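Okay, protein-v4.cif now, which holds mmCIF, C-alpha atoms and all ligand atoms:
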data_model
#
loop_
_atom_site.label_atom_id
_atom_site.label_comp_id
_atom_site.auth_asym_id
_atom_site.auth_seq_id
_atom_site.Cartn_x
_atom_site.Cartn_y
_atom_site.Cartn_z
CA MET A 1 0.00 0.00 0.00
CA ASN A 2 1.21 3.50 -0.75
CA THR A 3 2.20 5.72 2.09
CA CYS A 4 1.55 9.42 1.89
CA ASP A 5 2.80 12.10 4.23
CA ASN A 6 3.89 15.71 4.00
CA GLN A 7 7.28 14.71 2.59
CA THR A 8 5.87 12.41 -0.06
CA PRO A 9 2.43 13.75 -0.94
CA LEU A 10 2.64 12.04 -4.34
CA ALA A 11 3.66 8.63 -3.00
CA GLY A 12 2.99 5.98 -5.61
CA LYS A 13 1.26 8.33 -8.06
CA ARG A 14 2.10 7.35 -11.63
CA ILE A 15 2.88 10.47 -13.64
CA LEU A 16 3.99 10.66 -17.26
CA LEU A 17 5.98 13.84 -17.85
CA GLY A 18 5.90 14.90 -21.51
CA VAL A 19 8.64 17.22 -22.67
CA THR A 20 8.30 19.12 -25.96
CA GLY A 21 10.75 21.26 -27.92
CA GLY A 22 10.78 24.63 -26.22
CA ILE A 23 13.61 26.59 -24.73
CA ALA A 24 12.17 25.90 -21.26
CA ALA A 25 12.74 22.14 -21.68
CA TYR A 26 15.77 22.39 -19.36
CA LYS A 27 13.40 23.36 -16.53
CA SER A 28 11.52 20.07 -16.83
CA ALA A 29 14.57 18.29 -15.40
CA GLU A 30 14.05 20.29 -12.20
CA LEU A 31 10.33 19.51 -12.28
CA CYS A 32 11.17 15.83 -12.75
CA ARG A 33 13.42 15.91 -9.68
CA LEU A 34 10.78 17.66 -7.55
CA LEU A 35 8.06 15.18 -8.54
CA ILE A 36 10.28 12.23 -7.68
CA GLN A 37 11.22 13.85 -4.38
CA ALA A 38 7.51 14.17 -3.62
CA GLY A 39 7.15 10.41 -4.05
CA ALA A 40 5.80 10.15 -7.60
CA GLU A 41 6.62 7.27 -9.91
CA LEU A 42 7.78 9.10 -12.98
CA ARG A 43 8.21 8.20 -16.64
CA VAL A 44 9.30 10.71 -19.25
CA ALA A 45 8.33 10.98 -22.92
CA MET A 46 10.08 13.45 -25.22
CA THR A 47 9.32 14.77 -28.69
CA ASP A 48 12.05 14.86 -31.36
CA ALA A 49 12.28 18.62 -30.97
CA ALA A 50 12.71 18.25 -27.19
CA LEU A 51 15.73 16.03 -27.86
CA GLU A 52 17.34 19.05 -29.54
CA PHE A 53 17.13 20.98 -26.27
CA ILE A 54 17.94 18.46 -23.56
CA ARG A 55 19.42 14.99 -23.59
CA PRO A 56 17.28 12.05 -22.49
CA LEU A 57 20.16 10.85 -20.34
CA THR A 58 19.32 13.61 -17.83
CA PHE A 59 15.80 12.24 -17.32
CA GLN A 60 16.97 8.64 -17.42
CA ALA A 61 19.41 9.37 -14.61
CA LEU A 62 16.76 11.19 -12.57
CA THR A 63 13.98 8.61 -13.01
CA GLY A 64 16.03 5.43 -13.32
CA GLN A 65 13.79 4.59 -16.29
CA PRO A 66 14.42 4.67 -20.03
CA VAL A 67 12.99 7.76 -21.72
CA ALA A 68 10.32 7.15 -24.36
CA SER A 69 10.74 9.16 -27.53
CA SER A 70 10.22 6.97 -30.56
CA LEU A 71 6.95 5.41 -31.65
CA PHE A 72 8.81 2.76 -33.59
CA GLN A 73 11.97 2.01 -31.63
CA GLY A 74 10.62 1.93 -28.11
CA GLU A 75 11.65 -0.19 -25.14
CA ALA A 76 8.40 -2.15 -24.77
CA GLY A 77 8.78 -5.75 -25.85
CA ASN A 78 5.58 -5.68 -27.88
CA ALA A 79 6.49 -2.35 -29.53
CA MET A 80 3.41 -0.78 -27.97
CA GLU A 81 5.12 1.66 -25.66
CA HIS A 82 2.50 4.36 -26.28
CA ILE A 83 -0.30 2.00 -25.21
CA GLU A 84 1.64 0.73 -22.22
CA LEU A 85 2.36 4.30 -21.06
CA ALA A 86 -1.22 5.39 -21.82
CA ARG A 87 -2.57 2.68 -19.51
CA TRP A 88 0.09 3.15 -16.86
CA ALA A 89 -0.30 6.90 -16.27
CA GLU A 90 -2.64 8.38 -13.68
CA LEU A 91 -1.79 11.87 -14.89
CA ILE A 92 -0.05 13.10 -18.02
CA LEU A 93 1.70 16.46 -17.60
CA VAL A 94 3.30 18.08 -20.62
CA ALA A 95 5.82 20.70 -19.48
CA PRO A 96 6.82 22.64 -21.43
CA ALA A 97 4.04 22.37 -24.03
CA THR A 98 4.95 24.20 -27.25
CA ALA A 99 2.46 26.09 -29.42
CA ASP A 100 3.07 23.51 -32.14
CA PHE A 101 2.39 20.59 -29.82
CA ILE A 102 -0.82 22.24 -28.56
CA ALA A 103 -2.02 22.74 -32.15
CA ARG A 104 -1.37 19.11 -33.05
CA LEU A 105 -3.05 17.94 -29.87
CA VAL A 106 -6.19 19.90 -30.77
CA GLU A 107 -6.27 18.18 -34.16
CA GLY A 108 -5.98 14.75 -32.59
CA GLN A 109 -2.73 13.94 -34.37
CA GLY A 110 -0.74 10.95 -33.24
CA ASP A 111 2.42 11.03 -35.31
CA ASN A 112 4.82 11.04 -32.38
CA LEU A 113 5.02 8.93 -29.25
CA LEU A 114 3.76 11.59 -26.84
CA LEU A 115 0.75 12.55 -28.98
CA ALA A 116 -0.13 8.90 -29.62
CA THR A 117 0.13 8.16 -25.89
CA ILE A 118 -2.20 11.03 -25.01
CA LEU A 119 -4.69 9.93 -27.67
CA ALA A 120 -4.66 6.41 -26.29
CA SER A 121 -4.99 7.39 -22.64
CA LYS A 122 -7.93 7.97 -20.35
CA ALA A 123 -5.67 9.72 -17.84
CA PRO A 124 -6.34 13.40 -17.12
CA LEU A 125 -4.07 15.69 -19.11
CA ALA A 126 -2.38 18.87 -17.88
CA LEU A 127 -0.36 21.25 -20.04
CA ALA A 128 2.16 23.83 -18.91
CA PRO A 129 2.51 26.00 -22.03
CA ALA A 130 5.72 27.93 -22.60
CA MET A 131 6.40 30.12 -25.61
CA ASN A 132 7.27 33.57 -26.86
CA GLN A 133 4.62 36.11 -25.77
CA GLN A 134 3.55 36.78 -29.36
CA MET A 135 3.08 33.05 -30.02
CA TRP A 136 0.98 32.90 -26.84
CA ALA A 137 -1.10 35.89 -27.97
CA ALA A 138 -1.63 34.47 -31.51
CA ALA A 139 -5.29 33.94 -32.32
CA SER A 140 -4.63 30.32 -33.29
CA THR A 141 -3.00 29.56 -29.92
CA ARG A 142 -5.88 31.23 -28.07
CA ASP A 143 -8.46 29.24 -30.07
CA ASN A 144 -6.54 26.01 -29.53
CA LEU A 145 -6.33 26.52 -25.77
CA GLN A 146 -10.03 27.29 -25.62
CA ARG A 147 -10.84 24.07 -27.43
CA LEU A 148 -8.64 22.07 -25.06
CA ARG A 149 -10.28 23.67 -22.00
CA HIS A 150 -13.64 22.55 -23.39
CA ARG A 151 -12.23 19.02 -23.45
CA ASP A 152 -11.33 19.32 -19.77
CA VAL A 153 -7.59 19.59 -20.34
CA LEU A 154 -5.97 21.38 -17.39
CA ILE A 155 -3.86 24.40 -18.37
CA TRP A 156 -1.25 25.40 -15.79
CA GLY A 157 0.36 28.73 -16.59
CA PRO A 158 2.05 30.35 -18.42
CA GLU A 159 3.43 33.25 -16.41
CA ALA A 160 4.48 36.76 -17.27
CA GLY A 161 8.03 38.03 -17.13
CA GLU A 162 11.24 38.25 -19.07
CA GLN A 163 11.59 35.66 -21.81
CA ALA A 164 14.60 33.82 -23.17
CA CYS A 165 14.22 35.72 -26.48
CA GLY A 166 14.42 39.06 -24.63
CA ASP A 167 10.67 39.85 -24.87
CA GLN A 168 8.58 40.71 -21.84
CA GLY A 169 5.12 39.25 -21.40
CA LEU A 170 3.00 36.17 -20.88
CA GLY A 171 4.51 32.91 -22.02
CA ARG A 172 7.10 31.81 -19.45
CA LEU A 173 6.84 28.26 -18.16
CA ARG A 174 5.27 28.17 -14.72
CA GLU A 175 7.99 27.65 -12.12
CA PRO A 176 8.69 23.95 -11.45
CA SER A 177 7.93 24.42 -7.73
CA ASP A 178 4.49 25.87 -8.63
CA LEU A 179 3.85 23.04 -11.08
CA LEU A 180 4.68 20.61 -8.27
CA GLU A 181 2.01 22.33 -6.14
CA ASP A 182 -0.48 22.03 -9.02
CA VAL A 183 0.19 18.29 -9.21
CA ILE A 184 -0.16 17.88 -5.44
CA ASP A 185 -3.47 19.82 -5.53
CA PHE A 186 -4.62 17.63 -8.39
CA PHE A 187 -4.11 14.47 -6.34
CA ALA A 188 -5.34 15.95 -3.04
CA PRO A 189 -8.42 14.24 -1.60
CA GLY A 190 -11.56 15.91 -2.96
CA PRO A 191 -14.21 17.57 -0.80
CA LEU A 192 -16.52 14.57 -1.23
CA GLU A 193 -13.96 11.94 -0.21
CA GLY A 194 -15.76 9.08 1.54
CA ARG A 195 -19.24 10.36 0.59
CA ARG A 196 -21.86 8.52 -1.43
CA VAL A 197 -23.72 10.46 -4.09
CA LEU A 198 -26.78 9.33 -6.02
CA ILE A 199 -27.54 11.23 -9.22
CA THR A 200 -30.38 10.91 -11.72
CA ALA A 201 -29.85 12.01 -15.30
CA GLY A 202 -31.43 12.07 -18.74
CA PRO A 203 -35.06 11.97 -19.81
CA THR A 204 -37.63 9.30 -19.07
CA ARG A 205 -39.83 7.60 -21.66
CA GLU A 206 -43.50 6.99 -20.96
CA ALA A 207 -45.06 4.37 -23.21
CA ILE A 208 -48.04 5.23 -25.39
CA ASP A 209 -48.01 1.81 -27.05
CA PRO A 210 -45.27 -0.79 -27.69
CA VAL A 211 -43.50 1.45 -30.25
CA ARG A 212 -44.28 5.02 -29.16
CA PHE A 213 -43.53 7.05 -26.10
CA LEU A 214 -43.70 10.53 -24.57
CA SER A 215 -40.33 11.98 -23.65
CA ASN A 216 -38.42 15.28 -23.59
CA ARG A 217 -35.28 16.88 -24.97
CA SER A 218 -32.95 16.17 -22.05
CA SER A 219 -29.62 14.79 -23.34
CA GLY A 220 -28.35 13.73 -19.91
CA LYS A 221 -25.11 15.71 -20.42
CA MET A 222 -25.53 17.82 -17.28
CA GLY A 223 -26.24 14.84 -15.00
CA TYR A 224 -23.36 12.84 -16.49
CA ALA A 225 -21.00 15.79 -16.04
CA LEU A 226 -22.12 16.06 -12.41
CA ALA A 227 -21.50 12.35 -11.88
CA GLN A 228 -17.99 12.70 -13.29
CA ALA A 229 -17.30 15.81 -11.21
CA ALA A 230 -18.59 14.18 -8.01
CA TRP A 231 -16.34 11.17 -8.64
CA ARG A 232 -13.39 13.46 -9.26
CA ALA A 233 -14.25 15.18 -5.96
CA GLY A 234 -13.73 11.83 -4.26
CA ALA A 235 -17.30 10.51 -3.95
CA GLU A 236 -18.60 7.04 -4.66
CA VAL A 237 -21.14 7.83 -7.35
CA LEU A 238 -24.21 5.97 -8.52
CA LEU A 239 -25.94 7.30 -11.61
CA VAL A 240 -29.54 6.32 -12.34
CA SER A 241 -29.95 7.20 -15.98
CA GLY A 242 -32.85 7.44 -18.40
CA PRO A 243 -32.14 6.62 -22.07
CA THR A 244 -29.21 8.69 -23.42
CA CYS A 245 -26.45 8.24 -26.00
CA LEU A 246 -23.74 8.97 -23.44
CA GLU A 247 -20.99 6.70 -22.20
CA ARG A 248 -20.76 5.82 -18.53
CA PRO A 249 -18.43 8.32 -16.89
CA ASP A 250 -15.16 6.90 -15.51
CA GLY A 251 -15.40 5.51 -11.99
CA VAL A 252 -19.18 5.89 -11.87
CA GLU A 253 -21.64 3.03 -11.44
CA ARG A 254 -24.72 3.34 -13.64
CA ILE A 255 -28.19 1.83 -13.50
CA ASP A 256 -30.22 2.23 -16.70
CA VAL A 257 -33.95 2.84 -16.51
CA ILE A 258 -36.62 3.85 -19.01
CA SER A 259 -39.72 5.23 -17.31
CA ALA A 260 -40.35 7.53 -14.35
CA GLU A 261 -41.68 4.62 -12.34
CA GLU A 262 -38.54 2.55 -13.04
CA MET A 263 -36.39 5.52 -12.05
CA ARG A 264 -38.37 5.93 -8.82
CA ARG A 265 -37.92 2.26 -7.92
CA ALA A 266 -34.18 2.30 -8.64
CA VAL A 267 -33.67 5.50 -6.62
CA LEU A 268 -35.64 4.28 -3.59
CA GLU A 269 -33.88 0.92 -3.65
CA GLN A 270 -30.44 2.58 -3.75
CA LEU A 271 -31.22 5.38 -1.29
CA PRO A 272 -30.09 3.84 2.02
CA GLY A 273 -26.58 5.02 2.89
CA GLN A 274 -26.48 7.84 0.32
CA ASP A 275 -25.19 11.18 1.63
CA ILE A 276 -26.29 13.37 -1.27
CA PHE A 277 -29.09 13.01 -3.82
CA ILE A 278 -28.93 15.14 -6.97
CA ALA A 279 -32.10 14.92 -9.05
CA CYS A 280 -30.92 16.14 -12.44
CA ALA A 281 -33.10 13.88 -14.62
CA ALA A 282 -35.89 15.48 -16.62
CA VAL A 283 -38.52 13.07 -15.35
CA ALA A 284 -41.78 13.17 -17.32
CA ASP A 285 -44.50 14.90 -15.29
CA TYR A 286 -47.28 12.95 -17.00
CA ARG A 287 -47.61 9.54 -18.59
CA PRO A 288 -50.37 7.89 -20.64
CA ARG A 289 -52.88 6.49 -18.17
CA GLN A 290 -53.29 3.25 -20.04
CA PRO A 291 -50.56 2.45 -22.58
CA ALA A 292 -52.05 0.41 -25.43
CA ARG A 293 -51.04 -3.24 -25.46
CA ASP A 294 -50.82 -3.26 -29.29
CA LYS A 295 -49.61 -0.61 -31.67
CA ILE A 296 -52.26 2.07 -32.12
CA LYS A 297 -53.47 2.05 -35.75
CA LYS A 298 -53.71 5.20 -37.84
CA GLN A 299 -57.47 5.13 -38.19
CA SER A 300 -59.25 8.12 -36.71
CA GLU A 301 -58.55 11.80 -37.54
CA ARG A 302 -58.02 12.64 -33.89
CA LEU A 303 -56.55 10.70 -31.07
CA THR A 304 -56.89 11.67 -27.42
CA LEU A 305 -54.39 10.45 -24.89
CA GLU A 306 -55.40 10.51 -21.27
CA LEU A 307 -52.43 11.37 -19.06
CA GLU A 308 -51.87 10.92 -15.36
CA ARG A 309 -49.23 12.38 -13.04
CA THR A 310 -46.01 10.46 -12.61
CA PRO A 311 -44.50 10.01 -9.15
CA ASP A 312 -42.47 12.99 -7.87
CA ILE A 313 -39.23 11.17 -7.05
CA LEU A 314 -37.42 14.14 -5.55
CA ALA A 315 -40.33 15.12 -3.27
CA GLU A 316 -40.64 11.50 -2.14
CA VAL A 317 -36.93 11.26 -1.31
CA ALA A 318 -36.89 14.67 0.42
CA ALA A 319 -39.87 13.70 2.61
CA ARG A 320 -38.14 10.61 4.01
CA PRO A 321 -36.72 10.48 7.51
CA ASN A 322 -32.87 10.34 7.47
CA ARG A 323 -32.95 11.61 3.92
CA PRO A 324 -29.75 12.58 2.13
CA PHE A 325 -28.84 16.19 1.32
CA CYS A 326 -31.27 16.85 -1.56
CA VAL A 327 -30.47 18.93 -4.62
CA GLY A 328 -33.15 19.58 -7.24
CA PHE A 329 -33.07 21.05 -10.73
CA ALA A 330 -35.64 23.39 -12.20
CA ALA A 331 -36.04 24.38 -15.83
CA GLU A 332 -38.10 27.53 -16.18
CA THR A 333 -38.97 29.83 -19.05
CA GLN A 334 -39.79 32.82 -16.79
CA GLU A 335 -39.52 34.14 -13.23
CA LEU A 336 -36.64 31.80 -12.56
CA GLU A 337 -35.92 32.72 -8.94
CA HIS A 338 -39.58 32.85 -7.95
CA TYR A 339 -40.38 29.34 -9.24
CA ALA A 340 -37.05 27.89 -8.11
CA ARG A 341 -37.49 29.16 -4.54
CA ASP A 342 -41.09 27.89 -4.54
CA LYS A 343 -39.82 24.44 -5.44
CA LEU A 344 -36.99 24.65 -2.88
CA ALA A 345 -39.45 25.42 -0.08
CA GLY A 346 -42.36 23.30 -1.36
CA LYS A 347 -40.31 20.12 -1.58
CA LYS A 348 -38.13 21.01 1.42
CA LEU A 349 -34.94 20.69 -0.60
CA ASP A 350 -31.48 21.71 0.57
CA MET A 351 -30.56 23.32 -2.72
CA ILE A 352 -31.93 23.95 -6.20
CA ALA A 353 -30.14 24.67 -9.47
CA ALA A 354 -32.26 26.53 -11.99
CA ASN A 355 -31.88 26.69 -15.76
CA ARG A 356 -33.55 29.23 -17.92
CA VAL A 357 -34.86 27.37 -20.95
CA ASP A 358 -35.92 29.14 -24.10
CA GLY A 359 -36.04 28.53 -27.82
CA ASP A 360 -32.35 27.73 -28.23
CA ASP A 361 -32.45 24.86 -25.74
CA GLY A 362 -28.84 25.23 -24.68
CA ALA A 363 -29.72 23.87 -21.28
CA PHE A 364 -31.11 20.64 -22.67
CA GLU A 365 -29.08 19.55 -25.64
CA GLY A 366 -26.08 21.86 -25.85
CA ASP A 367 -22.63 21.49 -24.35
CA ASP A 368 -22.87 24.76 -22.40
CA ASN A 369 -25.13 25.77 -19.59
CA GLU A 370 -25.71 28.56 -17.09
CA LEU A 371 -27.28 28.06 -13.71
CA ALA A 372 -28.70 30.04 -10.84
CA VAL A 373 -28.28 28.10 -7.59
CA PHE A 374 -30.45 28.81 -4.54
CA TRP A 375 -30.51 27.57 -0.98
CA ASP A 376 -32.22 28.82 2.18
CA ASP A 377 -30.02 31.79 2.88
CA GLY A 378 -27.92 32.04 -0.21
CA ALA A 379 -27.71 32.11 -3.98
CA ILE A 380 -25.03 32.08 -6.64
CA GLU A 381 -25.02 32.61 -10.40
CA LEU A 382 -22.85 30.33 -12.52
CA PRO A 383 -22.33 32.04 -15.89
CA ARG A 384 -22.53 30.25 -19.24
CA GLN A 385 -19.68 27.74 -19.64
CA PRO A 386 -19.15 24.11 -20.67
CA LYS A 387 -21.32 21.67 -18.73
CA THR A 388 -18.21 19.83 -17.53
CA ARG A 389 -16.87 22.99 -15.92
CA ILE A 390 -20.20 24.18 -14.50
CA ALA A 391 -20.63 20.68 -13.04
CA ARG A 392 -17.33 21.01 -11.19
CA GLU A 393 -18.38 24.37 -9.77
CA LEU A 394 -21.79 23.08 -8.74
CA ILE A 395 -20.28 20.03 -7.05
CA ALA A 396 -17.93 22.33 -5.11
CA ILE A 397 -20.93 24.41 -3.94
CA ILE A 398 -22.88 21.27 -3.00
CA ALA A 399 -19.88 19.89 -1.08
CA ASP A 400 -19.51 23.18 0.77
CA GLN A 401 -23.19 23.45 1.76
CA PHE A 402 -23.29 19.75 2.64
CA SER A 403 -20.31 20.08 4.98
CA ARG A 404 -21.89 23.09 6.73
CA ARG A 405 -25.13 21.23 7.39
CA ARG A 406 -23.75 17.78 8.07
CA PRO A 407 -20.26 18.34 9.40
C1 LIG B 501 15.83 27.84 -30.16
C2 LIG B 501 14.35 27.51 -30.26
C3 LIG B 501 13.54 27.74 -29.20
C4 LIG B 501 12.17 27.43 -29.29
N1 LIG B 501 11.39 27.68 -28.19
C5 LIG B 501 10.06 27.45 -28.28
C6 LIG B 501 9.22 27.70 -27.15
O1 LIG B 501 9.67 28.13 -26.09
N2 LIG B 501 7.92 27.47 -27.30
C7 LIG B 501 7.36 27.00 -28.45
O2 LIG B 501 6.14 26.85 -28.51
N3 LIG B 501 8.15 26.72 -29.51
C8 LIG B 501 9.48 26.93 -29.47
N4 LIG B 501 10.27 26.66 -30.55
C9 LIG B 501 9.66 26.06 -31.75
C10 LIG B 501 9.47 24.57 -31.59
O3 LIG B 501 10.70 23.94 -31.30
C11 LIG B 501 8.86 23.97 -32.84
O4 LIG B 501 7.57 24.50 -33.04
C12 LIG B 501 8.79 22.46 -32.81
O5 LIG B 501 8.13 22.00 -33.99
C13 LIG B 501 8.07 21.92 -31.61
O6 LIG B 501 7.97 20.52 -31.70
P1 LIG B 501 7.29 19.63 -30.58
O7 LIG B 501 6.08 20.38 -30.13
O8 LIG B 501 6.97 18.34 -31.25
O9 LIG B 501 8.27 19.43 -29.49
C14 LIG B 501 11.64 26.91 -30.48
C15 LIG B 501 12.49 26.67 -31.55
C16 LIG B 501 13.83 26.97 -31.45
C17 LIG B 501 14.70 26.69 -32.64
#

Output the structure of this file as structure tokens.
Amino acid sequence: MNTCDNQTPLAGKRILLGVTGGIAAYKSAELCRLLIQAGAELRVAMTDAALEFIRPLTFQALTGQPVASSLFQGEAGNAMEHIELARWAELILVAPATADFIARLVEGQGDNLLLATILASKAPLALAPAMNQQMWAAASTRDNLQRLRHRDVLIWGPEAGEQACGDQGLGRLREPSDLLEDVIDFFAPGPLEGRRVLITAGPTREAIDPVRFLSNRSSGKMGYALAQAAWRAGAEVLLVSGPTCLERPDGVERIDVISAEEMRRAVLEQLPGQDIFIACAAVADYRPRQPARDKIKKQSERLTLELERTPDILAEVAARPNRPFCVGFAAETQELEHYARDKLAGKKLDMIAANRVDGDDGAFEGDDNELAVFWDDGAIELPRQPKTRIARELIAIIADQFSRRRP
């Protein structure tokens, strides 16, 4: 078992350090030394351009491991070094990351060992860019960084100051000691460590007949992003999901359901022992009272469906004794705060996150969202941003409120 104390906060953490061809490559030797000192297991991968700036022998001596640099002449017996490294790493940190490398990463290119490894890996990726200030300010670099942030790539730095080329400005590699702190923060236990979180996501489908159903436009993206963020914050996460096209987030257990009633049953069955319940699913409010046993034929000019209310899962959970901390979602087209606070009080929730929905349906199907979050004596606005990022912020707020109420 790994030991971890103040001297070795990274004990046993498997980190792949990527080094690309920038003038700051010499500083990655210092970073390498600091990471090892902090207890990390380190492997190093270098691009061809990086080899022009610093010799692999330096890293080999520091890590005691061969340095990976060639896709085709690697050390791995099966010639699959990029796959082996991709599976091995718990974090990939590229420092320095050149403008060129960043551009090729955005395009998904895999024509060198480091790029191929990143493509093949599920490990989180962090970049420490370093370049001339004009290269950093270039529109293409800005666009590329924005696209990587949307993909959840962590960007550490750069910093402002004097540059090797004599320019002043933003573009210096973040100091190795600060990058070490970033890595330690990354691996630090999250605010939901040891907590169990149950999340519902996606739409439900309510059968009209064996081939037709009533549903809604929920994509499930927000709930899935929350599940991922809660897991990253250290929680054990169970996702009860209506039908979506999304893949199960890493580390998260998922139960698939179709209808509101199935979702209710799954939630109630899984409820004991949960600390936090986040009801993000767009559960149908009504369902056909009597779904037809056979397909309804196209005979009459008009067809009337009789609908009945579906169970209110969130209200049922919130009304239970020993209930978890309950977070609801509200989608409103008008008077957002008024309706959200009504729901917060009416269902006796701990917190509610409200979306404004209108014609463009960003909240339902898009990749971005904005939320207004309300609780008894507080509120916060989360401006429009990718759902993955807004999920992280919302999970941090939930963790904070949860710890105040249930220390
Ligand atoms: C002396 C010298 C210094 C360089 N420094 C940088 C740098 O700091 N940042 C950067 O983005 N590119 C820098 N470059 C350009 C890169 O080396 C070049 O774009 C290369 O293709 C990067 O390859 P790689 O990303 O595969 O390592 C430098 C080039 C030279 C010749």

Wanna dump the chain A-ligand LIG 501 (chain B) contacts at 10 Å for me, each residue with its shortest atom pair and the distance in Å to one decimal, counting all atoms listed in the file, ordered by chain and number, as a tab-separated table?
residue	atom	partner	partner_atom	distance
A:Gly18	CA	B:LIG501	O9	9.5
A:Val19	CA	B:LIG501	O9	7.2
A:Thr20	CA	B:LIG501	O9	3.5
A:Gly21	CA	B:LIG501	O9	3.5
A:Gly22	CA	B:LIG501	C5	3.6
A:Ile23	CA	B:LIG501	N1	4.3
A:Ala24	CA	B:LIG501	O1	5.9
A:Ala25	CA	B:LIG501	O1	8.0
A:Met46	CA	B:LIG501	O9	7.6
A:Thr47	CA	B:LIG501	O9	4.8
A:Asp48	CA	B:LIG501	O8	6.2
A:Ala49	CA	B:LIG501	O9	4.4
A:Ala50	CA	B:LIG501	O9	5.1
A:Leu51	CA	B:LIG501	O9	8.4
A:Glu52	CA	B:LIG501	O3	8.4
A:Phe53	CA	B:LIG501	C1	8.0
A:Pro96	CA	B:LIG501	N2	7.7
A:Ala97	CA	B:LIG501	O2	6.7
A:Thr98	CA	B:LIG501	O2	3.2
A:Ala99	CA	B:LIG501	O2	3.9
A:Asp100	CA	B:LIG501	O4	4.7
A:Phe101	CA	B:LIG501	O7	3.7
A:Ile102	CA	B:LIG501	O7	7.3
A:Ala103	CA	B:LIG501	O7	8.7
A:Arg104	CA	B:LIG501	O7	8.1
A:Leu105	CA	B:LIG501	O7	9.5
A:Asp111	CA	B:LIG501	O8	9.5
A:Asn112	CA	B:LIG501	O8	7.7
A:Leu113	CA	B:LIG501	O8	9.8
A:Leu114	CA	B:LIG501	O8	8.7
A:Leu115	CA	B:LIG501	O8	8.8
A:Pro129	CA	B:LIG501	O2	7.5
A:Ala130	CA	B:LIG501	N2	5.2
A:Met131	CA	B:LIG501	N2	3.5
A:Asn132	CA	B:LIG501	O1	6.0
A:Gln133	CA	B:LIG501	N2	9.4
A:Met135	CA	B:LIG501	O2	7.1
A:Trp136	CA	B:LIG501	O2	8.1
A:Thr141	CA	B:LIG501	O2	9.6
A:Gln163	CA	B:LIG501	O1	8.9
A:Ala164	CA	B:LIG501	O1	8.1
A:Cys165	CA	B:LIG501	C3	8.5
A:Gly171	CA	B:LIG501	O1	8.1
A:Arg172	CA	B:LIG501	O1	8.0
A:Leu173	CA	B:LIG501	O1	8.4

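Of the residues under consideration (A:Glu181, A:Trp156, A:Phe187, A:Ser69), A:Phe187 shows the shortest atom-to-atom contact distance to Lys13 (chain A) when counting all atoms listed in the file.
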
Which residues, written as a PyMOL selection string, have at least one atom at most 7 Å from region 384-399 of chain A, with only C-alpha atoms counted and residues fewer than 6 positions away on the same chain left out? chain A and resi 150+191-192+222+225-226+229-230+367-370

Can you tell me how far CA of Leu145 (chain A) sits from CA of Leu17 (chain A), in Å to one decimal? 19.4 Å

Just to confirm, what's the straight-line distance from CA of Tyr286 (chain A) to CA of Phe325 (chain A) in Å (one decimal)? 26.2 Å

Residue rebuild result region 300-310 of chain A, N, CA and C atoms as a compact mmCIF listing (two decimals), in the frame of the given file:
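Output (result-v9.txt):
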# COMPACT_ATOMS: atom_id res chain seq x y z
N SER A 300 -58.39 6.95 -36.87
CA SER A 300 -59.25 8.12 -36.71
C SER A 300 -58.45 9.41 -36.98
N GLU A 301 -59.17 10.49 -37.27
CA GLU A 301 -58.55 11.80 -37.54
C GLU A 301 -57.91 12.38 -36.29
N ARG A 302 -58.54 12.13 -35.16
CA ARG A 302 -58.02 12.64 -33.89
C ARG A 302 -57.78 11.50 -32.92
N LEU A 303 -56.84 11.72 -32.08
CA LEU A 303 -56.55 10.70 -31.07
C LEU A 303 -56.35 11.43 -29.75
N THR A 304 -57.05 11.02 -28.72
CA THR A 304 -56.89 11.67 -27.42
C THR A 304 -56.17 10.73 -26.48
N LEU A 305 -55.11 11.25 -25.88
CA LEU A 305 -54.39 10.45 -24.89
C LEU A 305 -54.78 10.95 -23.51
N GLU A 306 -55.13 10.07 -22.63
CA GLU A 306 -55.40 10.51 -21.27
C GLU A 306 -54.12 10.33 -20.45
N LEU A 307 -53.69 11.42 -19.80
CA LEU A 307 -52.43 11.37 -19.06
C LEU A 307 -52.69 11.42 -17.56
N GLU A 308 -51.79 10.82 -16.82
CA GLU A 308 -51.87 10.92 -15.36
C GLU A 308 -50.50 11.37 -14.84
N ARG A 309 -50.48 11.91 -13.62
CA ARG A 309 -49.23 12.38 -13.04
C ARG A 309 -48.28 11.22 -12.78
N THR A 310 -47.02 11.46 -12.98
CA THR A 310 -46.01 10.46 -12.61
C THR A 310 -45.60 10.72 -11.16
